>>> print(open('run.csv').read())   # CSV, C-alpha atoms
chain,number,residue,atom,x,y,z
A,1,MET,CA,0.0,0.0,0.0
A,2,VAL,CA,2.9,2.3,-0.6
A,3,VAL,CA,1.3,4.0,-3.5
A,4,ILE,CA,-2.0,4.6,-1.7
A,5,ASP,CA,-0.2,6.1,1.3
A,6,GLU,CA,1.8,8.4,-1.1
A,7,LEU,CA,-1.5,9.5,-2.8
A,8,ILE,CA,-3.1,10.2,0.6
A,9,GLU,CA,-0.1,12.3,1.6
A,10,ARG,CA,-0.4,14.3,-1.6
A,11,ALA,CA,-4.2,14.8,-1.1
A,12,GLN,CA,-3.6,16.1,2.4
A,13,ALA,CA,-1.0,18.5,1.1
A,14,ALA,CA,-3.3,19.7,-1.7
A,15,SER,CA,-6.2,20.2,0.7
A,16,VAL,CA,-4.3,23.1,2.3
A,17,SER,CA,-4.8,25.2,-0.9
A,18,PHE,CA,-8.1,23.6,-2.0
A,19,ASN,CA,-10.5,26.2,-3.4
A,20,ASN,CA,-13.2,24.2,-5.3
A,21,GLY,CA,-15.4,23.5,-2.3
A,22,ASN,CA,-18.1,25.9,-3.7
A,23,LEU,CA,-18.6,24.2,-7.0
A,24,PRO,CA,-22.2,23.0,-7.7
A,25,ALA,CA,-22.9,19.3,-8.4
A,26,PRO,CA,-24.4,19.9,-11.8
A,27,PRO,CA,-21.6,20.2,-14.4
A,28,ALA,CA,-21.2,23.8,-15.7
A,29,ARG,CA,-20.8,22.7,-19.3
A,30,ARG,CA,-23.9,20.4,-19.1
A,31,VAL,CA,-22.0,17.5,-20.7
A,32,ALA,CA,-21.3,13.9,-19.7
A,33,ILE,CA,-18.4,12.0,-21.2
A,34,VAL,CA,-18.1,8.2,-21.2
A,35,THR,CA,-14.6,7.0,-21.8
A,36,CYS,CA,-12.1,4.4,-20.9
A,37,MET,CA,-10.3,4.1,-17.6
A,38,ASP,CA,-6.9,3.9,-19.4
A,39,ALA,CA,-4.4,6.0,-17.5
A,40,ARG,CA,-3.1,7.6,-20.7
A,41,ILE,CA,-6.4,9.5,-21.1
A,42,ASP,CA,-6.6,12.8,-19.3
A,43,VAL,CA,-10.1,14.0,-20.2
A,44,HIS,CA,-9.7,17.4,-18.6
A,45,ALA,CA,-6.4,18.1,-20.4
A,46,ILE,CA,-7.7,16.8,-23.8
A,47,PHE,CA,-10.7,19.0,-23.8
A,48,GLY,CA,-9.5,21.9,-21.7
A,49,LEU,CA,-12.0,21.2,-18.9
A,50,GLN,CA,-11.8,22.5,-15.4
A,51,PRO,CA,-13.1,20.9,-12.2
A,52,GLY,CA,-16.9,21.2,-12.2
A,53,ASP,CA,-17.2,21.4,-16.0
A,54,ALA,CA,-18.3,17.9,-16.9
A,55,HIS,CA,-19.4,14.5,-15.6
A,56,VAL,CA,-16.8,11.9,-16.6
A,57,ILE,CA,-17.9,8.2,-16.5
A,58,ARG,CA,-15.0,5.8,-16.9
A,59,ASN,CA,-14.7,2.0,-17.1
A,60,ALA,CA,-12.7,-0.6,-19.0
A,61,GLY,CA,-13.0,0.2,-22.7
A,62,GLY,CA,-15.4,3.1,-22.2
A,63,ALA,CA,-18.3,0.6,-22.6
A,64,VAL,CA,-21.9,1.9,-22.4
A,65,THR,CA,-23.0,-0.7,-19.9
A,66,ASP,CA,-26.1,-0.8,-17.8
A,67,ASP,CA,-24.1,1.0,-15.1
A,68,ALA,CA,-23.0,3.7,-17.5
A,69,ILE,CA,-26.6,4.2,-18.5
A,70,ARG,CA,-27.5,4.5,-14.8
A,71,SER,CA,-24.9,7.2,-14.4
A,72,LEU,CA,-26.0,9.0,-17.6
A,73,ALA,CA,-29.6,8.9,-16.5
A,74,ILE,CA,-28.7,10.5,-13.1
A,75,SER,CA,-26.5,13.0,-14.9
A,76,GLN,CA,-29.3,14.0,-17.3
A,77,ARG,CA,-32.4,13.7,-15.2
A,78,LEU,CA,-31.1,14.9,-11.8
A,79,LEU,CA,-28.1,17.1,-12.7
A,80,GLY,CA,-29.1,18.7,-16.0
A,81,THR,CA,-26.6,17.4,-18.5
A,82,GLU,CA,-27.8,18.0,-22.1
A,83,GLU,CA,-25.0,16.4,-24.2
A,84,ILE,CA,-23.2,13.1,-24.2
A,85,MET,CA,-19.8,12.3,-25.6
A,86,VAL,CA,-18.6,8.7,-26.0
A,87,MET,CA,-14.8,8.6,-26.5
A,88,HIS,CA,-12.9,5.4,-27.0
A,89,HIS,CA,-9.3,5.2,-27.9
A,90,THR,CA,-6.6,3.6,-30.1
A,91,GLU,CA,-4.5,0.8,-28.6
A,92,CYS,CA,-7.2,-0.1,-26.0
A,93,GLY,CA,-6.4,-3.1,-23.8
A,94,MET,CA,-10.0,-4.3,-24.4
A,95,MET,CA,-8.9,-5.2,-27.9
A,96,GLY,CA,-6.1,-7.5,-26.8
A,97,PHE,CA,-8.1,-10.6,-25.6
A,98,ARG,CA,-11.3,-12.5,-25.9
A,99,GLY,CA,-14.0,-11.7,-23.4
A,100,GLU,CA,-15.2,-15.3,-23.2
A,101,ASP,CA,-11.6,-16.5,-22.4
A,102,PHE,CA,-11.4,-14.0,-19.5
A,103,ALA,CA,-14.8,-14.9,-18.2
A,104,ARG,CA,-13.9,-18.6,-18.2
A,105,GLN,CA,-10.6,-17.8,-16.4
A,106,LEU,CA,-12.5,-15.9,-13.7
A,107,GLN,CA,-14.9,-18.8,-13.4
A,108,ASP,CA,-12.0,-21.3,-13.2
A,109,GLU,CA,-10.2,-19.3,-10.5
A,110,THR,CA,-13.2,-18.3,-8.4
A,111,GLY,CA,-15.9,-20.9,-9.1
A,112,ILE,CA,-18.2,-18.1,-10.2
A,113,ARG,CA,-19.0,-16.9,-13.7
A,114,PRO,CA,-19.2,-13.1,-13.8
A,115,GLY,CA,-22.7,-11.8,-14.3
A,116,TRP,CA,-21.4,-9.0,-16.5
A,117,ALA,CA,-20.2,-8.9,-20.0
A,118,VAL,CA,-16.5,-8.3,-20.4
A,119,GLU,CA,-17.1,-6.0,-23.4
A,120,THR,CA,-14.0,-6.7,-25.5
A,121,PHE,CA,-14.0,-5.6,-29.1
A,122,THR,CA,-11.9,-5.8,-32.3
A,123,ASP,CA,-12.7,-2.5,-34.0
A,124,VAL,CA,-12.7,0.7,-32.0
A,125,GLU,CA,-15.0,2.7,-34.4
A,126,SER,CA,-17.6,-0.1,-34.5
A,127,ASP,CA,-17.5,-0.3,-30.7
A,128,VAL,CA,-18.2,3.5,-30.5
A,129,ARG,CA,-21.2,3.0,-32.8
A,130,GLN,CA,-22.4,0.2,-30.6
A,131,SER,CA,-22.1,2.4,-27.5
A,132,LEU,CA,-24.0,5.2,-29.3
A,133,ALA,CA,-26.7,2.7,-30.3
A,134,ARG,CA,-27.1,1.6,-26.7
A,135,ILE,CA,-27.6,5.2,-25.6
A,136,HIS,CA,-30.2,5.8,-28.3
A,137,ALA,CA,-32.0,2.6,-27.3
A,138,SER,CA,-32.2,3.3,-23.6
A,139,PRO,CA,-35.6,4.4,-22.4
A,140,PHE,CA,-34.0,6.0,-19.3
A,141,LEU,CA,-32.2,8.7,-21.2
A,142,GLY,CA,-34.4,11.6,-22.2
A,143,ARG,CA,-31.9,13.7,-24.2
A,144,LYS,CA,-30.6,11.9,-27.2
A,145,ASP,CA,-30.4,14.7,-29.7
A,146,ALA,CA,-26.8,15.7,-28.8
A,147,VAL,CA,-25.0,12.3,-28.5
A,148,ARG,CA,-21.8,12.0,-30.4
A,149,GLY,CA,-18.9,9.5,-30.5
A,150,PHE,CA,-15.2,9.9,-30.9
A,151,VAL,CA,-11.9,8.1,-31.0
A,152,TYR,CA,-8.8,9.5,-29.2
A,153,ASP,CA,-5.5,8.6,-30.7
A,154,VAL,CA,-3.1,7.8,-27.8
A,155,ARG,CA,-0.1,8.4,-30.1
A,156,THR,CA,-1.0,11.8,-31.6
A,157,GLY,CA,-3.6,13.2,-29.1
A,158,ARG,CA,-6.0,13.7,-32.0
A,159,VAL,CA,-9.7,13.3,-31.4
A,160,ASP,CA,-11.8,12.2,-34.4
A,161,GLU,CA,-15.5,11.9,-34.7
A,162,VAL,CA,-17.1,8.6,-35.5
A,163,ARG,CA,-20.0,8.9,-37.9
A,164,PRO,CA,-23.0,6.6,-37.6
>>> encode(input="run.csv", output="structure tokens")
Amino acid sequence: MVVIDELIERAQAASVSFNNGNLPAPPARRVAIVTCMDARIDVHAIFGLQPGDAHVIRNAGGAVTDDAIRSLAISQRLLGTEEIMVMHHTECGMMGFRGEDFARQLQDETGIRPGWAVETFTDVESDVRQSLARIHASPFLGRKDAVRGFVYDVRTGRVDEVRP
């Protein structure tokens, strides 16, 4: 737990000059971004966002899962977001293995098959389109007129839109 201890020390030091305590919970830019948990992706730096500007929902692969839909529904219906960005990225680790193999490995090791889909994929643009389709199909999301998908290139920093 050496890293966690170091992070807590940094947080304590940063709290001395903390000045964002008055930010409201609704994001100022009224946007929610679904993206991958990949440590190379700094959403705030990529888009020039400040704390309080956007909701950022992250998971392995940036998959639009039931839990991502839950977060988006809360973001929209309770906190006023009006736009949704889905941003996947090049060289994603979710492209490097088969989901079925991983699920089987977990079952072999634990005796329990995961109740969730692993969500691997082979083509990043197709997976963005699938995520957009899941958003459009959800009855829980009221605002679907401003939903767009993108691919972030981890080598160049470029963000390209994926057309339906």
>>> atom_distance(input="run.csv", atom1="atom CA of A:His89", atom2="atom CA of A:Val64")
14.1 Å
>>> residues_around(input="run.csv", residues="A:Glu119", least_positions_apart="2", cutoff="9 Å", atoms="all atoms listed in the file", output="PyMOL selection string")
chain A and resi 60-61+63+65+94+99+116-117+121
>>> closest_atom_pairs(input="run.csv", of="stretch 106-146 of chain A", to="stretch 24-47 of chain A", cutoff="12 Å", atoms="only C-alpha atoms", output="CSV")
residue,atom,partner,partner_atom,distance
A:Glu119,CA,A:Cys36,CA,11.8
A:Val124,CA,A:Cys36,CA,11.7
A:Asp127,CA,A:Thr35,CA,11.9
A:Val128,CA,A:Thr35,CA,10.0
A:Ser131,CA,A:Val34,CA,9.5
A:Leu132,CA,A:Val34,CA,10.5
A:Ile135,CA,A:Val34,CA,10.9
A:Arg143,CA,A:Val31,CA,11.2
A:Ala146,CA,A:Val31,CA,9.6
>>> residues_around(input="run.csv", residues="A:Met95", least_positions_apart="3", cutoff="6 Å", atoms="all atoms listed in the file", output="PyMOL selection string")
chain A and resi 92+120-122
>>> atom_distance(input="run.csv", atom1="atom CA of A:Gly80", atom2="atom CA of A:Gly52")
13.0 Å
>>> atom_distance(input="run.csv", atom1="atom CA of A:His136", atom2="atom CA of A:Ile69")
10.6 Å
>>> closest_residue(input="run.csv", among="A:Val151, A:Ala13, A:Val162, A:Leu23", to="A:His88", atoms="only C-alpha atoms")
A:Val151
>>> closest_residue(input="run.csv", among="A:Met85, A:Ile4, A:Ser138, A:Glu100", to="A:Val56", atoms="all atoms listed in the file")
A:Met85
>>> closest_residue(input="run.csv", among="A:Ala133, A:Leu141, A:Leu79, A:Met87", to="A:Arg158", atoms="all atoms listed in the file")
A:Met87
>>> closest_residue(input="run.csv", among="A:Arg163, A:Arg113, A:Gln130, A:Gly142", to="A:Arg77", atoms="only C-alpha atoms")
A:Gly142
>>> closest_residue(input="run.csv", among="A:His55, A:Arg129, A:Arg10, A:Arg98", to="A:Gly149", atoms="only C-alpha atoms")
A:Arg129
